[in-house]
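Enquirer: See model-v1.txt below, with compact mmCIF, C-alpha atoms.
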```txt
# COMPACT_ATOMS: atom_id res chain seq x y z
CA MET V 15 -8.48 -18.68 -27.74
CA VAL V 16 -9.14 -15.62 -25.58
CA SER V 17 -11.83 -17.51 -23.68
CA TYR V 18 -9.44 -20.41 -23.04
CA LYS V 19 -6.77 -18.02 -21.77
CA SER V 20 -9.32 -16.28 -19.60
CA LYS V 21 -10.45 -19.60 -18.11
CA LEU V 22 -6.82 -20.52 -17.41
CA THR V 23 -6.22 -17.17 -15.72
CA MET V 24 -9.33 -17.60 -13.59
CA ARG V 25 -8.17 -21.08 -12.57
CA ARG V 26 -4.76 -19.73 -11.56
CA LEU V 27 -6.43 -16.90 -9.71
CA TRP V 28 -8.65 -19.38 -7.89
CA LEU V 29 -5.56 -21.44 -6.97
CA LEU V 30 -3.74 -18.37 -5.68
CA LYS V 31 -6.80 -17.23 -3.72
CA SER V 32 -7.12 -20.68 -2.12
CA LEU V 33 -3.43 -20.63 -1.18
CA ILE V 34 -3.68 -17.15 0.33
CA ASP V 35 -6.86 -18.19 2.19
CA ILE V 36 -4.96 -21.05 3.85
CA VAL V 37 -2.02 -18.78 4.73
CA TYR V 38 -4.45 -16.17 6.10
CA PHE V 39 -6.29 -18.78 8.18
CA PHE V 40 -3.07 -19.91 9.91
CA ALA V 41 -1.87 -16.30 10.29
CA ILE V 42 -5.14 -15.35 12.01
CA ILE V 43 -4.65 -18.20 14.51
CA GLY V 44 -1.35 -16.56 15.49
CA ILE V 45 -3.12 -13.22 15.89
CA ILE V 46 -5.92 -14.69 18.04
CA PHE V 47 -3.67 -16.66 20.40
CA GLY V 48 -0.59 -14.40 20.31
CA LEU V 49 -1.85 -11.56 22.48
CA PRO V 50 -3.35 -13.75 25.27
CA MET V 51 -0.08 -15.71 25.31
CA ILE V 52 2.02 -12.55 25.76
CA PHE V 53 -0.41 -11.42 28.46
CA MET V 54 -0.09 -14.80 30.18
CA ILE V 55 3.71 -14.63 30.07
CA ALA V 56 3.60 -11.13 31.55
CA VAL V 57 1.04 -11.82 34.30
CA MET V 58 1.47 -15.51 35.14
CA PRO V 59 4.97 -16.55 33.99
CA ASN V 60 4.90 -19.70 36.14
CA GLU V 61 1.73 -20.96 34.44
CA VAL V 62 3.30 -20.93 30.98
CA PRO V 63 3.83 -24.55 29.87
CA PHE V 64 7.20 -23.82 28.24
CA ASP V 65 10.44 -22.00 29.05
CA ILE V 66 11.20 -18.58 27.69
CA ALA V 67 14.93 -18.31 27.30
CA VAL V 68 17.28 -15.67 26.01
CA SER V 69 20.28 -17.25 24.36
CA LYS V 70 23.63 -15.94 23.19
CA ASN V 71 25.39 -18.10 20.61
CA GLY V 72 23.17 -21.04 21.50
CA GLU V 73 24.05 -20.72 25.17
CA ILE V 74 21.12 -19.95 27.47
CA VAL V 75 21.99 -16.95 29.63
CA GLU V 76 18.61 -16.08 31.07
CA ASN V 77 15.71 -18.42 31.66
CA LYS V 78 13.05 -16.20 33.10
CA THR V 79 10.52 -13.67 31.85
CA SER V 80 11.81 -10.14 32.02
CA TRP V 81 10.11 -6.97 30.83
CA GLU V 82 12.56 -6.84 27.90
CA ILE V 83 11.29 -10.15 26.53
CA ILE V 84 7.63 -9.21 27.03
CA VAL V 85 8.04 -5.81 25.35
CA SER V 86 9.98 -7.45 22.52
CA MET V 87 7.29 -10.09 22.08
CA PHE V 88 4.61 -7.41 22.04
CA ILE V 89 6.51 -5.39 19.41
CA ILE V 90 7.00 -8.54 17.31
CA TYR V 91 3.27 -9.24 17.70
CA ILE V 92 2.44 -5.76 16.35
CA GLY V 93 4.81 -6.31 13.43
CA TYR V 94 3.22 -9.68 12.79
CA ALA V 95 -0.23 -8.06 12.84
CA PHE V 96 0.91 -5.64 10.12
CA GLN V 97 2.08 -8.57 8.00
CA VAL V 98 -1.25 -10.35 8.49
CA TYR V 99 -3.02 -7.14 7.48
CA ALA V 100 -0.95 -7.22 4.27
CA ILE V 101 -2.18 -10.76 3.58
CA TYR V 102 -5.76 -9.61 4.27
CA LEU V 103 -5.33 -6.77 1.73
CA PHE V 104 -3.92 -9.22 -0.80
CA ARG V 105 -7.03 -11.40 -0.35
CA LYS V 106 -9.18 -8.33 -0.98
CA ILE V 107 -7.23 -7.58 -4.17
CA LEU V 108 -7.70 -11.16 -5.39
CA VAL V 109 -11.46 -10.92 -4.75
CA LEU V 110 -11.54 -7.74 -6.85
CA PHE V 111 -9.53 -9.48 -9.60
CA ARG V 112 -12.09 -12.29 -9.63
CA LYS V 113 -14.81 -9.68 -10.16
CA ARG V 114 -12.73 -8.39 -13.10
CA ILE V 115 -12.05 -5.13 -11.28
CA ILE V 116 -8.39 -4.64 -12.14
CA PHE V 117 -7.30 -1.09 -12.90
CA ASP V 118 -9.39 0.44 -10.17
CA VAL V 119 -8.75 2.94 -7.37
CA SER V 120 -9.45 0.30 -4.70
CA VAL V 121 -6.87 -2.12 -6.17
CA ILE V 122 -4.26 0.66 -6.41
CA LYS V 123 -4.97 1.78 -2.83
CA ASN V 124 -4.83 -1.81 -1.52
CA PHE V 125 -1.51 -2.52 -3.26
CA ASP V 126 -0.03 0.67 -1.81
CA GLN V 127 -1.31 -0.05 1.72
CA MET V 128 -0.13 -3.65 1.43
CA GLY V 129 3.40 -2.58 0.53
CA LYS V 130 3.47 -0.09 3.38
CA ALA V 131 2.08 -2.67 5.85
CA ILE V 132 4.82 -5.15 4.87
CA LEU V 133 7.52 -2.50 5.33
CA ILE V 134 6.13 -1.26 8.67
CA GLY V 135 5.76 -4.86 9.87
CA TYR V 136 9.32 -5.64 8.82
CA VAL V 137 10.78 -2.61 10.61
CA THR V 138 8.68 -3.31 13.73
CA ILE V 139 9.85 -6.93 13.89
CA LEU V 140 13.43 -5.81 13.28
CA LEU V 141 13.45 -3.43 16.30
CA PRO V 142 13.76 -6.11 19.03
CA VAL V 143 16.26 -8.01 16.84
CA ILE V 144 18.42 -4.87 16.62
CA PHE V 145 17.98 -4.27 20.34
CA PHE V 146 19.19 -7.78 21.21
CA ALA V 147 21.98 -7.49 18.64
CA LEU V 148 23.21 -4.27 20.23
CA THR V 149 23.07 -5.67 23.75
CA SER V 150 24.86 -8.82 22.63
CA SER V 151 28.64 -8.93 22.24
CA HIS V 152 28.46 -11.20 19.15
CA VAL V 153 27.37 -8.68 16.52
CA GLU V 154 28.76 -10.75 13.63
CA VAL V 155 26.08 -13.43 14.01
CA LYS V 156 23.29 -10.85 13.95
CA LEU V 157 24.53 -9.11 10.80
CA ASN V 158 24.68 -12.45 9.05
CA PHE V 159 21.03 -13.07 9.97
CA MET V 160 19.98 -9.68 8.61
CA ILE V 161 21.63 -10.19 5.25
CA ASN V 162 20.50 -13.76 4.75
CA ASP V 163 16.83 -13.61 5.58
CA SER V 164 15.50 -10.14 5.73
CA PHE V 165 16.27 -8.30 2.50
CA LEU V 166 13.55 -10.21 0.68
CA ILE V 167 10.70 -8.85 2.85
CA PRO V 168 11.37 -5.10 2.35
CA GLY V 169 11.94 -5.97 -1.31
CA ILE V 170 8.46 -7.46 -1.50
CA GLY V 171 7.00 -4.42 0.31
CA LEU V 172 8.66 -2.01 -2.10
CA PHE V 173 7.59 -4.19 -5.03
CA PHE V 174 3.91 -3.79 -4.06
CA ILE V 175 4.30 -0.01 -3.67
CA VAL V 176 5.88 0.16 -7.15
CA LEU V 177 3.14 -2.14 -8.45
CA SER V 178 0.48 0.27 -7.15
CA GLU V 179 2.20 3.11 -9.04
CA VAL V 180 2.33 0.98 -12.21
CA PHE V 181 -1.38 0.19 -11.81
CA GLN V 182 -2.07 3.93 -11.42
CA MET V 183 -0.26 4.57 -14.73
CA ALA V 184 -2.16 1.72 -16.39
CA LYS V 185 -5.46 3.13 -15.09
CA ASP V 186 -4.65 6.56 -16.56
CA MET V 187 -3.73 4.98 -19.90
CA LYS V 188 -6.90 2.91 -19.89
CA GLU V 189 -9.00 6.00 -19.19
CA GLU V 190 -7.26 7.87 -21.98
CA ASN V 191 -7.87 5.00 -24.36
CA GLU V 192 -11.53 4.82 -23.40
CA LEU V 193 -11.94 8.58 -23.91
CA THR V 194 -10.45 8.48 -27.41
CA VAL V 195 -13.22 8.91 -29.94
CA MET E 188 -8.93 21.90 -21.47
CA PRO E 189 -8.13 24.76 -23.86
CA ILE E 190 -9.59 22.91 -26.89
CA ILE E 191 -13.31 23.66 -27.18
CA ILE E 192 -15.59 21.40 -29.23
CA ASN E 193 -18.27 23.25 -31.17
CA LEU E 194 -19.89 20.16 -32.60
CA ASP E 195 -23.39 21.04 -31.36
CA VAL E 196 -23.14 24.43 -33.13
CA MET E 197 -22.27 22.70 -36.40
CA LEU E 198 -25.02 20.15 -35.87
CA ALA E 199 -27.53 22.98 -35.35
CA LYS E 200 -26.27 24.76 -38.52
CA ARG E 201 -26.65 21.58 -40.55
CA LYS E 202 -29.95 20.77 -38.81
CA MET E 203 -28.71 17.30 -38.02
CA ARG E 204 -29.35 15.24 -34.91
CA SER E 205 -26.57 13.67 -32.83
CA ASN E 206 -27.69 10.07 -33.33
CA GLU E 207 -27.95 10.63 -37.08
CA LEU E 208 -24.36 11.92 -37.19
CA ALA E 209 -23.16 9.07 -34.99
CA GLU E 210 -24.78 6.57 -37.32
CA ARG E 211 -23.30 8.20 -40.45
CA VAL E 212 -19.82 8.51 -38.94
CA GLY E 213 -19.88 5.00 -37.50
CA ILE E 214 -19.36 5.75 -33.83
CA THR E 215 -21.65 5.14 -30.88
CA THR E 216 -23.91 7.90 -29.57
CA ALA E 217 -22.14 7.54 -26.23
CA ASN E 218 -18.80 8.34 -27.86
CA LEU E 219 -20.30 11.27 -29.73
CA SER E 220 -21.70 12.53 -26.44
CA ILE E 221 -18.20 12.26 -24.89
CA LEU E 222 -16.88 14.34 -27.79
CA LYS E 223 -19.70 16.92 -27.57
CA THR E 224 -19.38 17.44 -23.84
CA GLY E 225 -15.61 17.96 -24.09
CA LYS E 226 -14.76 14.89 -22.00
CA ALA E 227 -12.78 13.28 -24.83
CA LYS E 228 -9.01 13.14 -24.34
CA ALA E 229 -8.21 12.44 -28.00
CA ILE E 230 -9.86 12.15 -31.39
CA ARG E 231 -8.72 9.87 -34.19
CA PHE E 232 -8.00 11.47 -37.59
CA SER E 233 -10.36 8.93 -39.16
CA THR E 234 -13.22 10.08 -36.88
CA LEU E 235 -12.42 13.74 -37.51
CA GLU E 236 -12.33 13.08 -41.25
CA ALA E 237 -15.69 11.32 -41.15
CA ILE E 238 -17.32 14.09 -39.09
CA CYS E 239 -15.96 16.80 -41.41
CA LYS E 240 -17.18 14.84 -44.42
CA GLU E 241 -20.70 14.39 -43.03
CA LEU E 242 -21.04 17.97 -41.78
CA ASP E 243 -19.24 19.40 -44.82
CA CYS E 244 -16.93 21.52 -42.73
CA GLN E 245 -13.30 21.99 -41.70
CA PRO E 246 -11.75 20.66 -38.44
CA GLY E 247 -11.47 24.28 -37.28
CA ASP E 248 -15.24 24.62 -37.53
CA ILE E 249 -15.86 21.98 -34.90
CA MET E 250 -12.98 22.72 -32.57
CA GLU E 251 -11.13 25.82 -31.45
CA TYR E 252 -8.26 26.74 -29.19
CA VAL E 253 -9.09 29.05 -26.29
CA GLU E 254 -6.28 30.11 -24.00
CA GLU E 255 -6.73 28.92 -20.44
CA VAL E 256 -7.24 31.69 -17.91
CA LYS E 257 -5.11 31.07 -14.83
CA ASN E 258 -6.59 32.30 -11.57
CA LYS E 259 -4.13 34.54 -9.74
CA LEU E 260 -4.52 34.57 -5.98
```
Can the structure in the file be given as structure tokens, please?

Expert:
Amino acid sequence: MVSYKSKLTMRRLWLLKSLIDIVYFFAIIGIIFGLPMIFMIAVMPNEVPFDIAVSKNGEIVENKTSWEIIVSMFIIYIGYAFQVYAIYLFRKILVLFRKRIIFDVSVIKNFDQMGKAILIGYVTILLPVIFFALTSSHVEVKLNFMINDSFLIPGIGLFFIVLSEVFQMAKDMKEENELTV
Amino acid sequence: MPIIINLDVMLAKRKMRSNELAERVGITTANLSILKTGKAKAIRFSTLEAICKELDCQPGDIMEYVEEVKNKL
């Protein structure tokens, strides 16, 4: 029975690892091509094969590359990199789980760093959004966006930080159990 | 930890070897070593009972409380 459960867990773990591998692969593509694209927009805006537009309420107000857009894109890129780093850490954790290393210092550290990376990434991505919300006259639309989409991400970040603390407690309990004669 | 294990003293008094005690008590030599070196965080009453029975002693003979000295800077 235990063996069957263990096999089932390993299969689920394998499935999750495969899923995260795919997500990580596509996220890395964004990292590789993101920075050269921002650089291209900054240096050769006329060579970019698409328009970069700033819109207010669906109405395009500016259709050229300004330093504000480039800085915002760079900040979003950094935030995105933090989120990709979180996915990378999650992959590392899953590899450790496959090796049956569960209540270990490395897993606890990775969970903690992952949670922090998600939170830092979220805040970094939010900065340009707040900037454009403050410079825009239609604040109502922006607040709606923040409530709808974005509370889940810091929630996930905090969840992983709490999870690392729970794993630390579990590790201590496991050690105590092992050192009971 | 302020609880000191004097198991090796009792073993010497009874002229018994660690692995012999471990075998009689029914615990592994590794666990007995953990107990002897003071690394153990807890001891079951059943283990304590078995050790006392085999060494013909009281729990106080194999463990004692020594107040921890706090270093004042």

Enquirer: Excluding Leu133 (chain V) and any residue of its chain fewer than 2 positions from it, enumerate the residues within 6 Å of it, using all atoms listed in the file, and give them as a PyMOL selection string.

Expert: chain V and resi 130-131+135-136+168+171

Enquirer: Quick one: everything within 9 Å of Thr224 (chain E), counting only C-alpha atoms, minus sequence neighbours fewer than 4 positions away in the same chain. Send it as a list in words.

Expert: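 Using only C-alpha atoms, the neighbours found are Ile192, Leu219 and Ser220 of chain E.
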
Enquirer: To one decimal place, how far is CA of Asp243 (chain E) from CA of Ser205 (chain E) in Å?

Expert: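 Answer for the CA of Asp243 (chain E) to CA of Ser205 (chain E) separation: 15.2 Å.
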
Enquirer: Just how far from CA of Ser20 (chain V) is CA of Ile214 (chain E), in Å to one decimal?

Expert: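 Computed distance, CA of Ile214 (chain E) to CA of Ser20 (chain V), equals 28.1 Å.
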
Enquirer: To one decimal place, how far is CA of Leu193 (chain V) from CA of Lys228 (chain E) in Å?

Expert: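 Value for the CA of Leu193 (chain V)-CA of Lys228 (chain E) distance: 5.4 Å.
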
Enquirer: For chain E, report every residue with an atom at most 10 Å from chain V (counting all atoms listed in the file), formatted as a PyMOL selection string.

Expert: chain E and resi 214-215+217-222+226-235

Enquirer: Given all atoms listed in the file as the basis, pick out the residue of E:Lys257, E:Leu194, E:Gly247, E:Met188 nearest to Lys223 (chain E).

Expert: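 Result for the nearest residue to Lys223 (chain E): E:Leu194.
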
Enquirer: Env of Leu141 (chain V): 10 Å cut, atoms = all atoms listed in the file, seq-sep filter 6 positions within chain, self excluded. Answer as a list in words.

Expert: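 The residues satisfying every condition are Ser86, Ile89, Ile90, Gly93 and Ala147 of chain V.
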
Enquirer: So which residues touch Val212 (chain E) within 7 Å, counting only C-alpha atoms, skipping near sequence neighbours fewer than 2 positions away, as a ChimeraX atom specification?

Expert: /E:208-210,214,237-238

Enquirer: Every residue with an atom at most 8 Å from (-11.4, 27.9, -24.8) (file coordinates; all atoms listed in the file) is what I'm after, so could you write them as a list in words?

Expert: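 Residues with an atom close enough to that point: Met188, Pro189, Ile190, Ile191, Glu251, Tyr252, Val253, Glu254 and Glu255 of chain E.
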